[in-house]
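K.L.:
Quick one, model_38.tsv (TSV, C-alpha atoms and all ligand atoms):
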chain	number	residue	atom	x	y	z
A	4	MET	CA	73.88	-57.97	-57.77
A	5	ALA	CA	77.18	-59.72	-58.40
A	6	ASP	CA	78.21	-62.15	-55.71
A	7	LEU	CA	81.97	-62.00	-56.11
A	8	ARG	CA	82.64	-64.69	-53.53
A	9	THR	CA	80.83	-67.39	-55.44
A	10	GLY	CA	81.20	-65.85	-58.87
A	11	VAL	CA	77.44	-66.12	-59.39
A	12	TRP	CA	76.34	-63.21	-61.51
A	13	ARG	CA	73.06	-62.29	-63.02
A	14	ALA	CA	73.50	-60.63	-66.36
A	15	GLY	CA	70.87	-58.01	-65.64
A	16	ALA	CA	72.48	-56.97	-62.38
A	17	PRO	CA	74.44	-53.72	-62.18
A	18	GLY	CA	77.62	-55.44	-60.97
A	19	HIS	CA	77.61	-57.76	-63.93
A	20	ARG	CA	76.98	-54.95	-66.37
A	21	ARG	CA	79.91	-53.04	-64.89
A	22	ALA	CA	82.15	-56.09	-65.27
A	23	LEU	CA	81.15	-56.35	-68.91
A	24	GLY	CA	81.48	-52.62	-69.52
A	25	VAL	CA	77.74	-52.36	-70.18
A	26	PRO	CA	76.13	-49.04	-69.23
A	27	ALA	CA	73.84	-49.47	-66.23
A	28	SER	CA	70.99	-47.84	-68.16
A	29	VAL	CA	70.84	-50.60	-70.80
A	30	SER	CA	67.86	-52.81	-70.08
A	31	VAL	CA	68.62	-56.54	-70.45
A	32	ASP	CA	66.58	-59.56	-69.50
A	33	VAL	CA	67.98	-61.70	-66.76
A	34	MET	CA	69.99	-64.74	-67.80
A	35	ARG	CA	71.80	-66.82	-65.22
A	36	ILE	CA	75.55	-66.54	-65.63
A	37	HIS	CA	78.02	-68.33	-63.43
A	38	VAL	CA	81.66	-67.30	-63.74
A	39	VAL	CA	83.43	-70.02	-61.78
A	40	ASP	CA	85.76	-68.20	-59.45
A	41	HIS	CA	88.27	-70.77	-58.18
A	42	PRO	CA	92.09	-70.77	-58.04
A	43	LEU	CA	92.35	-74.15	-59.82
A	44	VAL	CA	90.14	-72.87	-62.63
A	45	ALA	CA	92.26	-69.72	-62.97
A	46	HIS	CA	95.49	-71.77	-62.91
A	47	LYS	CA	94.37	-74.18	-65.65
A	48	LEU	CA	92.92	-71.37	-67.74
A	49	THR	CA	96.22	-69.46	-67.61
A	50	THR	CA	98.10	-72.48	-68.97
A	51	LEU	CA	95.48	-72.90	-71.72
A	52	ARG	CA	95.96	-69.26	-72.71
A	53	ASP	CA	99.75	-69.62	-72.92
A	54	LYS	CA	100.68	-70.05	-76.59
A	55	ARG	CA	103.58	-72.34	-75.62
A	56	THR	CA	101.16	-75.00	-74.31
A	57	ASP	CA	101.20	-77.93	-76.74
A	58	SER	CA	98.10	-79.79	-77.98
A	59	PRO	CA	98.33	-82.85	-75.66
A	60	THR	CA	98.70	-80.60	-72.61
A	61	PHE	CA	95.95	-78.31	-73.89
A	62	ARG	CA	93.54	-81.24	-74.29
A	63	ARG	CA	94.32	-82.60	-70.82
A	64	LEU	CA	93.89	-79.22	-69.14
A	65	ALA	CA	90.70	-78.43	-71.05
A	66	ASP	CA	89.34	-81.78	-69.87
A	67	GLU	CA	90.25	-81.03	-66.25
A	68	LEU	CA	88.78	-77.55	-66.50
A	69	VAL	CA	85.50	-78.92	-67.88
A	70	THR	CA	85.19	-81.23	-64.87
A	71	LEU	CA	85.47	-78.24	-62.56
A	72	LEU	CA	82.95	-76.23	-64.59
A	73	ALA	CA	80.62	-79.23	-64.84
A	74	TYR	CA	80.60	-79.59	-61.07
A	75	GLU	CA	79.10	-76.10	-60.82
A	76	ALA	CA	76.93	-76.46	-63.93
A	77	THR	CA	75.18	-79.56	-62.59
A	78	ARG	CA	74.26	-78.05	-59.24
A	79	ASP	CA	70.60	-78.07	-60.33
A	80	VAL	CA	70.59	-81.38	-62.18
A	81	ARG	CA	67.28	-83.12	-61.52
A	82	THR	CA	67.27	-86.05	-59.14
A	83	GLU	CA	64.67	-88.42	-57.74
A	84	GLN	CA	64.45	-90.19	-54.44
A	85	VAL	CA	65.60	-93.81	-54.27
A	86	ASP	CA	65.40	-96.38	-51.46
A	87	ILE	CA	68.55	-98.43	-50.89
A	88	GLU	CA	70.04	-100.65	-48.24
A	89	THR	CA	73.51	-100.04	-46.90
A	90	PRO	CA	75.30	-102.96	-45.20
A	91	VAL	CA	73.90	-101.50	-41.96
A	92	THR	CA	70.35	-100.34	-42.66
A	93	ALA	CA	67.73	-99.17	-45.13
A	94	THR	CA	67.98	-95.54	-46.16
A	95	THR	CA	66.90	-93.08	-48.81
A	96	GLY	CA	69.16	-91.40	-51.34
A	97	VAL	CA	68.93	-89.78	-54.76
A	98	ARG	CA	69.77	-90.67	-58.34
A	99	LEU	CA	69.61	-88.70	-61.57
A	100	SER	CA	66.00	-88.61	-62.68
A	101	HIS	CA	64.41	-89.59	-66.00
A	102	PRO	CA	64.41	-88.41	-68.68
A	103	ARG	CA	68.18	-88.54	-68.49
A	104	PRO	CA	70.14	-85.33	-69.01
A	105	MET	CA	71.68	-84.84	-72.43
A	106	VAL	CA	75.15	-83.52	-73.23
A	107	VAL	CA	75.56	-81.88	-76.63
A	108	PRO	CA	79.07	-80.96	-77.79
A	109	ILE	CA	79.25	-78.54	-80.70
A	110	LEU	CA	81.70	-80.00	-83.20
A	111	ARG	CA	84.59	-79.64	-83.63
A	112	ALA	CA	86.04	-77.98	-80.52
A	113	GLY	CA	83.18	-79.04	-78.22
A	114	LEU	CA	84.38	-82.64	-78.54
A	115	GLY	CA	87.32	-81.70	-76.34
A	116	MET	CA	84.84	-80.97	-73.54
A	117	LEU	CA	82.75	-84.13	-73.86
A	118	ASP	CA	84.80	-86.56	-71.74
A	119	GLY	CA	84.94	-84.12	-68.82
A	120	MET	CA	81.14	-83.82	-68.92
A	121	VAL	CA	80.27	-87.50	-69.16
A	122	ARG	CA	82.76	-88.37	-66.45
A	123	LEU	CA	80.57	-86.37	-64.09
A	124	LEU	CA	77.28	-87.41	-65.71
A	125	PRO	CA	77.95	-91.02	-66.79
A	126	THR	CA	74.27	-91.80	-67.36
A	127	ALA	CA	73.71	-88.80	-69.61
A	128	GLU	CA	72.88	-89.30	-73.26
A	129	VAL	CA	75.03	-87.57	-75.85
A	130	GLY	CA	73.82	-85.71	-78.93
A	131	PHE	CA	75.98	-83.95	-81.51
A	132	MET	CA	75.69	-80.71	-83.42
A	133	GLY	CA	78.19	-79.89	-86.16
A	134	MET	CA	78.40	-76.14	-86.64
A	135	VAL	CA	80.89	-73.96	-88.41
A	136	ARG	CA	81.36	-70.21	-88.47
A	137	ASN	CA	81.32	-68.63	-91.93
A	138	GLU	CA	84.58	-66.64	-91.80
A	139	GLU	CA	83.17	-63.87	-94.05
A	140	THR	CA	79.75	-63.30	-92.53
A	141	TYR	CA	80.57	-64.78	-89.09
A	142	GLU	CA	77.15	-66.51	-89.26
A	143	ALA	CA	76.79	-69.99	-87.77
A	144	GLN	CA	76.01	-72.80	-90.23
A	145	THR	CA	74.82	-76.25	-89.15
A	146	TYR	CA	76.33	-79.13	-91.14
A	147	ALA	CA	75.24	-82.09	-88.96
A	148	THR	CA	72.77	-82.85	-86.18
A	149	ARG	CA	72.50	-86.11	-84.31
A	150	MET	CA	70.07	-86.05	-81.38
A	151	PRO	CA	66.47	-86.97	-80.59
A	152	GLU	CA	63.73	-84.96	-82.32
A	153	ASP	CA	61.89	-84.78	-79.00
A	154	LEU	CA	63.79	-83.31	-76.06
A	155	SER	CA	60.65	-82.58	-74.01
A	156	GLY	CA	61.38	-82.30	-70.34
A	157	ARG	CA	65.11	-82.77	-70.86
A	158	GLN	CA	67.90	-80.89	-69.16
A	159	VAL	CA	70.55	-80.26	-71.80
A	160	TYR	CA	74.20	-79.31	-71.30
A	161	VAL	CA	75.62	-77.82	-74.48
A	162	VAL	CA	79.39	-77.53	-74.58
A	163	ASP	CA	81.48	-75.23	-76.77
A	164	PRO	CA	84.83	-73.85	-75.58
A	165	MET	CA	84.53	-70.29	-76.88
A	166	LEU	CA	81.53	-67.95	-76.62
A	167	ALA	CA	82.75	-65.31	-79.10
A	168	THR	CA	80.05	-63.60	-81.22
A	169	GLY	CA	77.40	-65.88	-79.73
A	170	GLY	CA	76.02	-66.86	-83.15
A	171	THR	CA	76.85	-70.56	-82.90
A	172	LEU	CA	75.66	-71.03	-79.36
A	173	VAL	CA	72.45	-69.07	-79.89
A	174	ALA	CA	71.62	-71.13	-83.00
A	175	ALA	CA	72.36	-74.37	-81.14
A	176	ILE	CA	70.29	-73.42	-78.09
A	177	LYS	CA	67.34	-72.28	-80.23
A	178	GLU	CA	67.38	-75.70	-81.91
A	179	LEU	CA	67.45	-77.47	-78.52
A	180	ILE	CA	64.52	-75.40	-77.25
A	181	LYS	CA	62.62	-75.97	-80.51
A	182	ARG	CA	62.95	-79.69	-79.83
A	183	GLY	CA	61.43	-79.23	-76.37
A	184	ALA	CA	64.40	-78.91	-73.99
A	185	ASP	CA	63.12	-77.04	-70.96
A	186	ASP	CA	66.42	-76.29	-69.22
A	187	VAL	CA	69.61	-75.56	-71.15
A	188	THR	CA	73.02	-74.91	-69.62
A	189	ALA	CA	75.84	-73.74	-71.88
A	190	LEU	CA	79.37	-74.51	-70.70
A	191	CYS	CA	82.17	-72.47	-72.25
A	192	LEU	CA	85.80	-72.26	-71.22
A	193	LEU	CA	85.86	-68.58	-72.15
A	194	ALA	CA	83.30	-65.93	-73.05
A	195	ALA	CA	83.46	-62.50	-74.68
A	196	PRO	CA	81.17	-59.74	-73.40
A	197	GLU	CA	79.78	-59.36	-76.92
A	198	GLY	CA	78.72	-63.01	-76.99
A	199	VAL	CA	77.11	-62.77	-73.57
A	200	GLU	CA	75.10	-59.77	-74.74
A	201	VAL	CA	73.95	-61.58	-77.87
A	202	MET	CA	72.82	-64.56	-75.79
A	203	GLU	CA	70.92	-62.27	-73.45
A	204	ARG	CA	69.21	-60.53	-76.31
A	205	GLU	CA	68.47	-63.51	-78.54
A	206	LEU	CA	67.51	-65.94	-75.79
A	207	ALA	CA	65.58	-63.56	-73.55
A	208	GLY	CA	62.80	-65.37	-71.73
A	209	THR	CA	64.22	-68.85	-72.34
A	210	PRO	CA	65.50	-71.14	-69.56
A	211	VAL	CA	69.22	-70.77	-70.25
A	212	THR	CA	72.23	-70.65	-67.93
A	213	LEU	CA	75.80	-69.87	-68.96
A	214	VAL	CA	78.72	-71.34	-67.00
A	215	THR	CA	82.22	-70.19	-67.91
A	216	ALA	CA	85.70	-69.87	-66.43
A	217	ALA	CA	86.04	-66.20	-67.42
A	218	VAL	CA	84.46	-63.31	-69.31
A	219	ASP	CA	87.35	-61.71	-71.22
A	220	GLU	CA	87.83	-58.13	-72.43
A	221	ARG	CA	86.44	-58.08	-75.96
A	222	LEU	CA	86.51	-59.48	-79.49
A	223	ASN	CA	89.12	-58.30	-81.98
A	224	ALA	CA	88.42	-57.43	-85.65
A	225	ASP	CA	88.69	-61.13	-86.60
A	226	ARG	CA	86.15	-62.00	-83.88
A	227	TYR	CA	88.73	-63.72	-81.69
A	228	ILE	CA	88.43	-63.34	-77.94
A	229	VAL	CA	91.01	-61.00	-76.37
A	230	PRO	CA	93.15	-61.97	-74.53
A	231	GLY	CA	91.55	-65.38	-75.18
A	232	LEU	CA	93.50	-68.50	-76.06
A	233	GLY	CA	93.41	-68.46	-79.87
A	234	ASP	CA	91.47	-70.96	-81.96
A	235	ALA	CA	90.32	-73.60	-79.48
A	236	GLY	CA	89.90	-76.30	-82.16
A	237	ASP	CA	93.37	-75.67	-83.55
A	238	ARG	CA	94.91	-75.62	-80.09
A	239	MET	CA	93.26	-78.98	-79.29
A	240	TYR	CA	93.65	-80.81	-82.56
A	241	GLY	CA	96.33	-79.01	-84.57
A	242	THR	CA	95.58	-76.82	-87.56
A	243	ALA	CA	93.74	-79.27	-89.85
A	244	GLY	CA	90.54	-77.55	-90.97
X	1	LIG	N1	86.66	-69.36	-81.61
X	1	LIG	C1	87.86	-69.68	-81.09
X	1	LIG	O1	88.28	-70.83	-81.15
X	1	LIG	N2	88.56	-68.70	-80.49
X	1	LIG	C2	88.15	-67.44	-80.39
X	1	LIG	O2	88.84	-66.59	-79.81
X	1	LIG	C3	86.88	-67.12	-80.95
X	1	LIG	C4	86.16	-68.10	-81.56
Mind converting the file's structure to structure tokens?
P.N.:
Amino acid sequence: MADLRTGVWRAGAPGHRRALGVPASVSVDVMRIHVVDHPLVAHKLTTLRDKRTDSPTFRRLADELVTLLAYEATRDVRTEQVDIETPVTATTGVRLSHPRPMVVPILRAGLGMLDGMVRLLPTAEVGFMGMVRNEETYEAQTYATRMPEDLSGRQVYVVDPMLATGGTLVAAIKELIKRGADDVTALCLLAAPEGVEVMERELAGTPVTLVTAAVDERLNADRYIVPGLGDAGDRMYGTAG
């Protein structure tokens, strides 16, 4: 059931299906979805949506928004116990455990989310996946991959601003799981219901969580999120292809 106070939704729950306009009778596997319900998130997202927001402001706000999303997304980051001494006494605390978490931005637009992630997880390793959407078939194509072959036992945070059709994110997450990642969290600034459904269907039974600032209304005929914020890469970096 949707918990509207915390914004924690389970995709299979009736409340979540209602929010996405999905008939209650459709059977979907449960995927953890966290829509971060916070006034600062809503405020920053509104300015990102505004077409008058210029690229430098867009980049700064996207960075700030990622930090807020990352705070929620890392709630279950693995830690281990550590003994330390304060100036007063010996005590026990925690530190991020090994193997270290990995952050994977999907190029190009995911780069705009990287700083916000590593600010919160400074000891994380960073891998890169270059993926592009074929504008005729809307299929995701991988043009570069830079990360360890073996991700066994790793928690991975994959960042991509827009979950639209879901093709790119699903392909990226399947690759991470193929390499052994056993806990994948996808952080997106915005999601479309269609993309959420594709993730649920294609990644059923895999250990995946989605954290986003909002699930919008729908995709338009060009597969842009409505109301959305336009092309996230263009808004961040200008219109160079
Ligand atoms: N990618 C974007 O950058 N924006 C959208 O609305 C959909 C996909």
K.L.:
Set the cut-off to 6 Å, count only C-alpha atoms and all ligand atoms, and list whatever residues fall near ligand LIG 1 (chain X) as an MDAnalysis selection string.
P.N.:
chainID A and resid 165 167 226:228 231 233:236
K.L.:
Residues near Val129 (chain A), anyone? I mean within 6 Å using all atoms listed in the file, not counting same-chain ones fewer than 5 positions away, as a PyMOL selection string.
P.N.:
chain A and resi 105-107
K.L.:
What lies within 10 Å of Asp118 (chain A) using all atoms listed in the file, ignoring chain neighbours under 3 positions off, as a ChimeraX atom specification?
P.N.:
/A:66-67,69-70,114-115,121-125
K.L.:
Between A:Ala143, A:Ala194, A:Leu154, A:Ala207, single out the one closest to Ala175 (chain A), counting all atoms listed in the file.
P.N.:
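That would be A:Ala143, the residue with the smallest distance to Ala175 (chain A).
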K.L.:
Between CA of Val218 (chain A) and CA of Val38 (chain A), measure the distance and give it in Å to one decimal.
P.N.:
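One can read the CA of Val218 (chain A) to CA of Val38 (chain A) distance as 7.4 Å.
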K.L.:
One number please: CA of Glu205 (chain A) to CA of Glu178 (chain A), in Å, one decimal.
P.N.:
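Interatomic distance, CA of Glu205 (chain A) to CA of Glu178 (chain A): 12.7 Å.
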K.L.:
For region 32-49 of chain A, supply N, CA and C atoms and report the output as an mmCIF file, keeping the file's coordinate frame.
P.N.:
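Wrote part_25.cif, looks like this:
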data_model
loop_
_atom_site.group_PDB
_atom_site.id
_atom_site.type_symbol
_atom_site.label_atom_id
_atom_site.label_comp_id
_atom_site.auth_asym_id
_atom_site.auth_seq_id
_atom_site.Cartn_x
_atom_site.Cartn_y
_atom_site.Cartn_z
ATOM 1 N N ASP A 32 67.297 -58.534 -70.261
ATOM 2 C CA ASP A 32 66.580 -59.560 -69.500
ATOM 3 C C ASP A 32 67.579 -60.378 -68.718
ATOM 4 N N VAL A 33 67.095 -60.964 -67.641
ATOM 5 C CA VAL A 33 67.980 -61.700 -66.760
ATOM 6 C C VAL A 33 68.286 -63.077 -67.325
ATOM 7 N N MET A 34 69.574 -63.375 -67.450
ATOM 8 C CA MET A 34 69.990 -64.740 -67.800
ATOM 9 C C MET A 34 70.964 -65.147 -66.710
ATOM 10 N N ARG A 35 70.879 -66.378 -66.280
ATOM 11 C CA ARG A 35 71.800 -66.820 -65.220
ATOM 12 C C ARG A 35 73.192 -67.018 -65.803
ATOM 13 N N ILE A 36 74.159 -66.369 -65.201
ATOM 14 C CA ILE A 36 75.550 -66.540 -65.630
ATOM 15 C C ILE A 36 76.365 -66.902 -64.405
ATOM 16 N N HIS A 37 77.166 -67.922 -64.542
ATOM 17 C CA HIS A 37 78.020 -68.330 -63.430
ATOM 18 C C HIS A 37 79.464 -68.319 -63.919
ATOM 19 N N VAL A 38 80.228 -67.349 -63.436
ATOM 20 C CA VAL A 38 81.660 -67.300 -63.740
ATOM 21 C C VAL A 38 82.353 -68.021 -62.584
ATOM 22 N N VAL A 39 82.927 -69.172 -62.865
ATOM 23 C CA VAL A 39 83.430 -70.020 -61.780
ATOM 24 C C VAL A 39 84.749 -69.432 -61.257
ATOM 25 N N ASP A 40 84.665 -68.939 -60.052
ATOM 26 C CA ASP A 40 85.760 -68.200 -59.450
ATOM 27 C C ASP A 40 86.501 -69.138 -58.493
ATOM 28 N N HIS A 41 87.560 -69.789 -58.992
ATOM 29 C CA HIS A 41 88.270 -70.770 -58.180
ATOM 30 C C HIS A 41 89.738 -70.781 -58.617
ATOM 31 N N PRO A 42 90.673 -70.848 -57.669
ATOM 32 C CA PRO A 42 92.090 -70.770 -58.040
ATOM 33 C C PRO A 42 92.517 -71.877 -59.014
ATOM 34 N N LEU A 43 91.954 -73.073 -58.894
ATOM 35 C CA LEU A 43 92.350 -74.150 -59.820
ATOM 36 C C LEU A 43 91.862 -73.857 -61.241
ATOM 37 N N VAL A 44 90.682 -73.256 -61.320
ATOM 38 C CA VAL A 44 90.140 -72.870 -62.630
ATOM 39 C C VAL A 44 91.048 -71.810 -63.251
ATOM 40 N N ALA A 45 91.408 -70.808 -62.464
ATOM 41 C CA ALA A 45 92.260 -69.720 -62.970
ATOM 42 C C ALA A 45 93.631 -70.263 -63.395
ATOM 43 N N HIS A 46 94.174 -71.188 -62.612
ATOM 44 C CA HIS A 46 95.490 -71.770 -62.910
ATOM 45 C C HIS A 46 95.459 -72.526 -64.244
ATOM 46 N N LYS A 47 94.447 -73.378 -64.407
ATOM 47 C CA LYS A 47 94.370 -74.180 -65.650
ATOM 48 C C LYS A 47 94.103 -73.267 -66.848
ATOM 49 N N LEU A 48 93.242 -72.285 -66.644
ATOM 50 C CA LEU A 48 92.920 -71.370 -67.740
ATOM 51 C C LEU A 48 94.166 -70.599 -68.195
ATOM 52 N N THR A 49 94.997 -70.199 -67.255
ATOM 53 C CA THR A 49 96.220 -69.460 -67.610
ATOM 54 C C THR A 49 97.127 -70.318 -68.490
#
